[in-house]
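J.: Can you read through this structure? Questions will come right after.
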Amino acid sequence: MSSTCLITGASSGIGAATAKYFASQGWTVYAVARSVEKLQQLAITPGIIALPLDLTDTHAIITTAKELANKNIALDLVLLNAGSCEYVTAKNLDLSAFERTFAINFHANVAAIKYLLPLLSLSKKPQLAVVSSMAHFFPFTRSEAYGASKAALSYFVDSLRVDLAKTEIQICLIEPGFVDTPLTQKNDFKMPFLLSVDTAAKRIYHGLDNNKLRIRFPIRLSVMLKLMACLPYGLRCRLAAKMADK
């Protein structure tokens with residue numbers, strides 16, 4: 001019996017590459033994204049089924065979950081990857097940017113978990129994986145909205161794991177560094193240890209296959225940021241400010 005997964009944010013970047021990689025390993029993949037056209041192109045790949053859905057629309061999530069349940073579709077993995085990034089200016093904070101960023105990076109993921117979690121109940125090895133980011137490890141310039149949303153998401157997943165510890169569901173928190181996607185291609189700064197989406201997809205797949213509770217890549221960036229976070233607070237703040245001036 002083949003395994004079945006649902007991957008959000010599948011129209012491009014990490015989501016699209018991961019959907020293709022899972023399909024290449026024999027999985028049936030329900031690829032979720034807002035773009036119908038991009039999903040149709042992705043669904044040309046054998047094993048991938050397009051599932052257009054706007055994750056910021058809670059009613060649409062409820063409807064989709066009911067449709068999958070009515071078709072007796074049991075998911076072995078729900079991989080929540082959809083996300084966005086908007087940079088802000090501290091002297092004139094754009095509140096709408098915060099609303100949009102939290103809507104997709106945090107609230108949409110919480111809603112998706114609430115309504116998709118029951119679809120994992122029939123699996124013998126259910127897994128829930130959520131893609132956050134290393135961005136919240138260190139205070140980067142103009143990242144008040146993005147970093148805060150990812151910090152909230154990572155904390156939520158860790159707390160959720162505590163409360164679901166007595167269930168069969170394996171929960172994995174994925175915190176990547178810089179990956180070459182349409183989102184990061186908009187950045188106008190140097191991105192150390194930049195990885196391709198294909199490399200990211202393989203690391204996610206094999207990390208989940210090995211039942212890891214947390215997947216971070218690249219390791220070099222993770223170690224560097226964690227060491228920087230261990231600096232005395234004042235020095236850490238001065239370093240962050242100096243980096244922002246470059």
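In the structure tokens, chains take letters A, B, ... by order of appearance, with residues numbered from 1 within each chain and ligands from 1 in the order shown.
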Could you build a table of the residues in range 90-152 of chain A lying no more than 12 Å from range 58-75 of chain A, giving for each the nearest pair of atoms and their separation in Å rounded to one decimal place, using only C-alpha atoms, ordered by chain and ascending residue number, as JSON lines?
T.:
{"residue": "A:Ala103", "atom": "CA", "partner": "A:Thr58", "partner_atom": "CA", "distance": 10.7}
{"residue": "A:Ile104", "atom": "CA", "partner": "A:Thr58", "partner_atom": "CA", "distance": 11.2}
{"residue": "A:His107", "atom": "CA", "partner": "A:Thr58", "partner_atom": "CA", "distance": 9.4}
{"residue": "A:Ala108", "atom": "CA", "partner": "A:Thr58", "partner_atom": "CA", "distance": 7.5}
{"residue": "A:Asn109", "atom": "CA", "partner": "A:Thr58", "partner_atom": "CA", "distance": 10.2}
{"residue": "A:Val110", "atom": "CA", "partner": "A:Thr58", "partner_atom": "CA", "distance": 10.0}
{"residue": "A:Ala111", "atom": "CA", "partner": "A:Thr58", "partner_atom": "CA", "distance": 6.5}
{"residue": "A:Ala112", "atom": "CA", "partner": "A:Ile61", "partner_atom": "CA", "distance": 6.6}
{"residue": "A:Ile113", "atom": "CA", "partner": "A:Ile61", "partner_atom": "CA", "distance": 9.8}
{"residue": "A:Lys114", "atom": "CA", "partner": "A:Ile62", "partner_atom": "CA", "distance": 9.3}
{"residue": "A:Tyr115", "atom": "CA", "partner": "A:Ile62", "partner_atom": "CA", "distance": 6.2}
{"residue": "A:Leu116", "atom": "CA", "partner": "A:Ala65", "partner_atom": "CA", "distance": 6.0}
{"residue": "A:Leu117", "atom": "CA", "partner": "A:Leu75", "partner_atom": "CA", "distance": 9.0}
{"residue": "A:Pro118", "atom": "CA", "partner": "A:Ala69", "partner_atom": "CA", "distance": 8.7}
{"residue": "A:Leu119", "atom": "CA", "partner": "A:Ala74", "partner_atom": "CA", "distance": 5.4}
{"residue": "A:Leu120", "atom": "CA", "partner": "A:Leu75", "partner_atom": "CA", "distance": 5.0}
{"residue": "A:Ser121", "atom": "CA", "partner": "A:Ala74", "partner_atom": "CA", "distance": 7.5}
{"residue": "A:Leu122", "atom": "CA", "partner": "A:Ala74", "partner_atom": "CA", "distance": 5.7}
{"residue": "A:Ser123", "atom": "CA", "partner": "A:Ala74", "partner_atom": "CA", "distance": 6.3}
{"residue": "A:Lys124", "atom": "CA", "partner": "A:Leu75", "partner_atom": "CA", "distance": 9.9}
{"residue": "A:Lys125", "atom": "CA", "partner": "A:Leu75", "partner_atom": "CA", "distance": 9.6}
{"residue": "A:Pro126", "atom": "CA", "partner": "A:Leu75", "partner_atom": "CA", "distance": 7.4}
{"residue": "A:Gln127", "atom": "CA", "partner": "A:Leu75", "partner_atom": "CA", "distance": 8.7}
{"residue": "A:Leu128", "atom": "CA", "partner": "A:Leu75", "partner_atom": "CA", "distance": 9.8}
J.: As JSON, numbers by chain, which residues of range 100-243 of chain A does DSSP assign to strand (DSSP E)?
T.: {"A": [127, 128, 129, 130, 131, 170, 171, 172, 173, 174, 175, 176, 214, 215, 216, 217]}
J.: Would you mind exporting C-alpha atoms of the selected residues as a compact mmCIF listing (two decimals), in the first residue's frame?
T.:
# COMPACT_ATOMS: atom_id res chain seq x y z
CA GLN A 127 3.36 12.44 10.64
CA LEU A 128 2.80 16.18 10.86
CA ALA A 129 5.63 18.39 9.60
CA VAL A 130 5.69 22.18 9.70
CA VAL A 131 8.19 24.39 7.90
CA GLN A 170 4.93 12.16 15.04
CA ILE A 171 5.52 15.91 14.82
CA CYS A 172 8.51 17.41 13.03
CA LEU A 173 9.60 21.04 13.05
CA ILE A 174 11.54 22.02 9.92
CA GLU A 175 13.72 25.13 10.18
CA PRO A 176 15.65 25.77 6.97
CA ARG A 214 13.47 18.62 14.06
CA ILE A 215 15.17 19.18 10.72
CA ARG A 216 17.58 22.08 10.28
CA PHE A 217 19.72 22.79 7.26
J.: Tell me, as number ranges by chain, which residues lie within 12 Å of Ile44 in chain A, counting only C-alpha atoms; anything in the same chain fewer than 4 positions away does not count.
T.: A: 19-20, 23, 31, 37-40, 48-50
J.: If you run DSSP on this backbone, which residues of range 121-156 of chain A come out as helix (DSSP H, G or I), and could you give them as JSON, numbers by chain?
T.: {"A": [134, 135, 136, 137, 144, 145, 146, 147, 148, 149, 150, 151, 152, 153, 154, 155, 156]}
J.: Save out the residues we just selected, N, CA, C and O atoms, as a CSV table (one decimal), in the first residue's frame.
T.:
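What landed in part-v2.csv:
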chain,number,residue,atom,x,y,z
A,134,MET,N,15.0,29.4,10.3
A,134,MET,CA,16.0,29.8,11.2
A,134,MET,C,16.0,31.3,11.5
A,134,MET,O,16.8,31.8,12.3
A,135,ALA,N,15.2,32.1,10.8
A,135,ALA,CA,15.2,33.5,10.9
A,135,ALA,C,15.0,34.0,12.3
A,135,ALA,O,15.5,35.1,12.7
A,136,HIS,N,14.3,33.3,13.1
A,136,HIS,CA,14.0,33.7,14.5
A,136,HIS,C,15.1,33.5,15.5
A,136,HIS,O,15.0,33.8,16.6
A,137,PHE,N,16.2,32.9,15.0
A,137,PHE,CA,17.3,32.6,15.9
A,137,PHE,C,18.1,33.8,16.2
A,137,PHE,O,18.8,33.9,17.3
A,144,GLU,N,11.1,42.2,11.4
A,144,GLU,CA,10.2,42.2,12.5
A,144,GLU,C,9.0,41.3,12.3
A,144,GLU,O,8.5,40.6,13.2
A,145,ALA,N,8.4,41.4,11.1
A,145,ALA,CA,7.2,40.7,10.8
A,145,ALA,C,7.5,39.2,10.5
A,145,ALA,O,6.9,38.3,11.1
A,146,TYR,N,8.4,39.0,9.6
A,146,TYR,CA,8.7,37.6,9.2
A,146,TYR,C,9.3,36.8,10.3
A,146,TYR,O,8.8,35.7,10.7
A,147,GLY,N,10.3,37.3,11.0
A,147,GLY,CA,10.9,36.6,12.1
A,147,GLY,C,10.0,36.3,13.2
A,147,GLY,O,10.0,35.2,13.8
A,148,ALA,N,9.1,37.3,13.6
A,148,ALA,CA,8.2,37.1,14.7
A,148,ALA,C,7.2,36.0,14.3
A,148,ALA,O,6.8,35.2,15.2
A,149,SER,N,6.7,36.0,13.1
A,149,SER,CA,5.8,35.0,12.7
A,149,SER,C,6.4,33.6,12.7
A,149,SER,O,5.7,32.6,13.1
A,150,LYS,N,7.6,33.5,12.4
A,150,LYS,CA,8.3,32.2,12.4
A,150,LYS,C,8.6,31.8,13.8
A,150,LYS,O,8.6,30.6,14.2
A,151,ALA,N,8.9,32.7,14.7
A,151,ALA,CA,9.2,32.4,16.1
A,151,ALA,C,7.9,31.9,16.7
A,151,ALA,O,7.9,30.9,17.5
A,152,ALA,N,6.8,32.5,16.4
A,152,ALA,CA,5.5,32.1,16.9
A,152,ALA,C,5.1,30.7,16.4
A,152,ALA,O,4.7,29.8,17.1
A,153,LEU,N,5.4,30.4,15.1
A,153,LEU,CA,5.1,29.1,14.5
A,153,LEU,C,6.0,28.0,15.2
A,153,LEU,O,5.5,26.9,15.5
A,154,SER,N,7.3,28.3,15.4
A,154,SER,CA,8.2,27.2,16.0
A,154,SER,C,7.7,26.9,17.4
A,154,SER,O,7.7,25.8,17.8
A,155,TYR,N,7.4,28.0,18.1
A,155,TYR,CA,6.9,27.7,19.5
A,155,TYR,C,5.6,26.9,19.5
A,155,TYR,O,5.4,26.0,20.3
A,156,PHE,N,4.7,27.3,18.6
A,156,PHE,CA,3.4,26.6,18.5
A,156,PHE,C,3.7,25.1,18.3
A,156,PHE,O,3.0,24.2,18.9
J.: Using only C-alpha atoms, find the one residue out of A:Pro46, A:Gly9, A:Gly83, A:Gly15 that sits nearest to Ala33 in chain A.
T.: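 Distance minimum relative to Ala33 in chain A lands on A:Gly9.
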J.: May I have the residues within 10 Å of Ile219 in chain A as JSON, numbers by chain, using only C-alpha atoms and disregarding those fewer than 4 positions away in the same chain?
T.: {"A": [176, 177, 193, 215, 223, 224, 225]}
J.: Go ahead and dump the residues you just picked, C-alpha atoms, as a CSV table (one decimal), in the first residue's frame.
T.:
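As a result, out_20.csv now contains:
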chain,number,residue,atom,x,y,z
A,176,PRO,CA,15.7,25.8,7.0
A,177,GLY,CA,18.2,28.5,6.3
A,193,PHE,CA,25.3,28.7,2.6
A,215,ILE,CA,15.2,19.2,10.7
A,223,VAL,CA,25.6,26.3,14.3
A,224,MET,CA,26.7,29.8,13.4
A,225,LEU,CA,23.4,31.4,14.4
J.: Can you list, as a PyMOL selection string, every protein, DNA or RNA residue that comes within 8 Å of Val88 in chain A when you count only C-alpha atoms, leaving out same-chain residues fewer than 3 positions away?
T.: chain A and resi 92-94+97+142-145
J.: Give me the residues within 12 Å of Asp188 in chain A as a PyMOL selection string, counting only C-alpha atoms and dropping any in the same chain fewer than 3 places off.
T.: chain A and resi 87+183-185+191+246
J.: Which of these, A:Cys5, A:Ala200, A:Leu42, A:Leu55, has the shortest distance to Val78 in chain A once you count only C-alpha atoms?
T.: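 With only C-alpha atoms as the atom set, the closest residue is A:Cys5.
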J.: Find the spatial neighbours of Val32 in chain A, counting only C-alpha atoms, within a cut-off of 7 Å - ignore same-chain residues fewer than 3 positions away - and output them as an MDAnalysis selection string.
T.: chainID A and resid 7:10 50:53
J.: For the atom pair CA of Leu6 in chain A and CA of Asn187 in chain A, what is the interatomic distance in Å to one decimal place?
T.: 28.7 Å
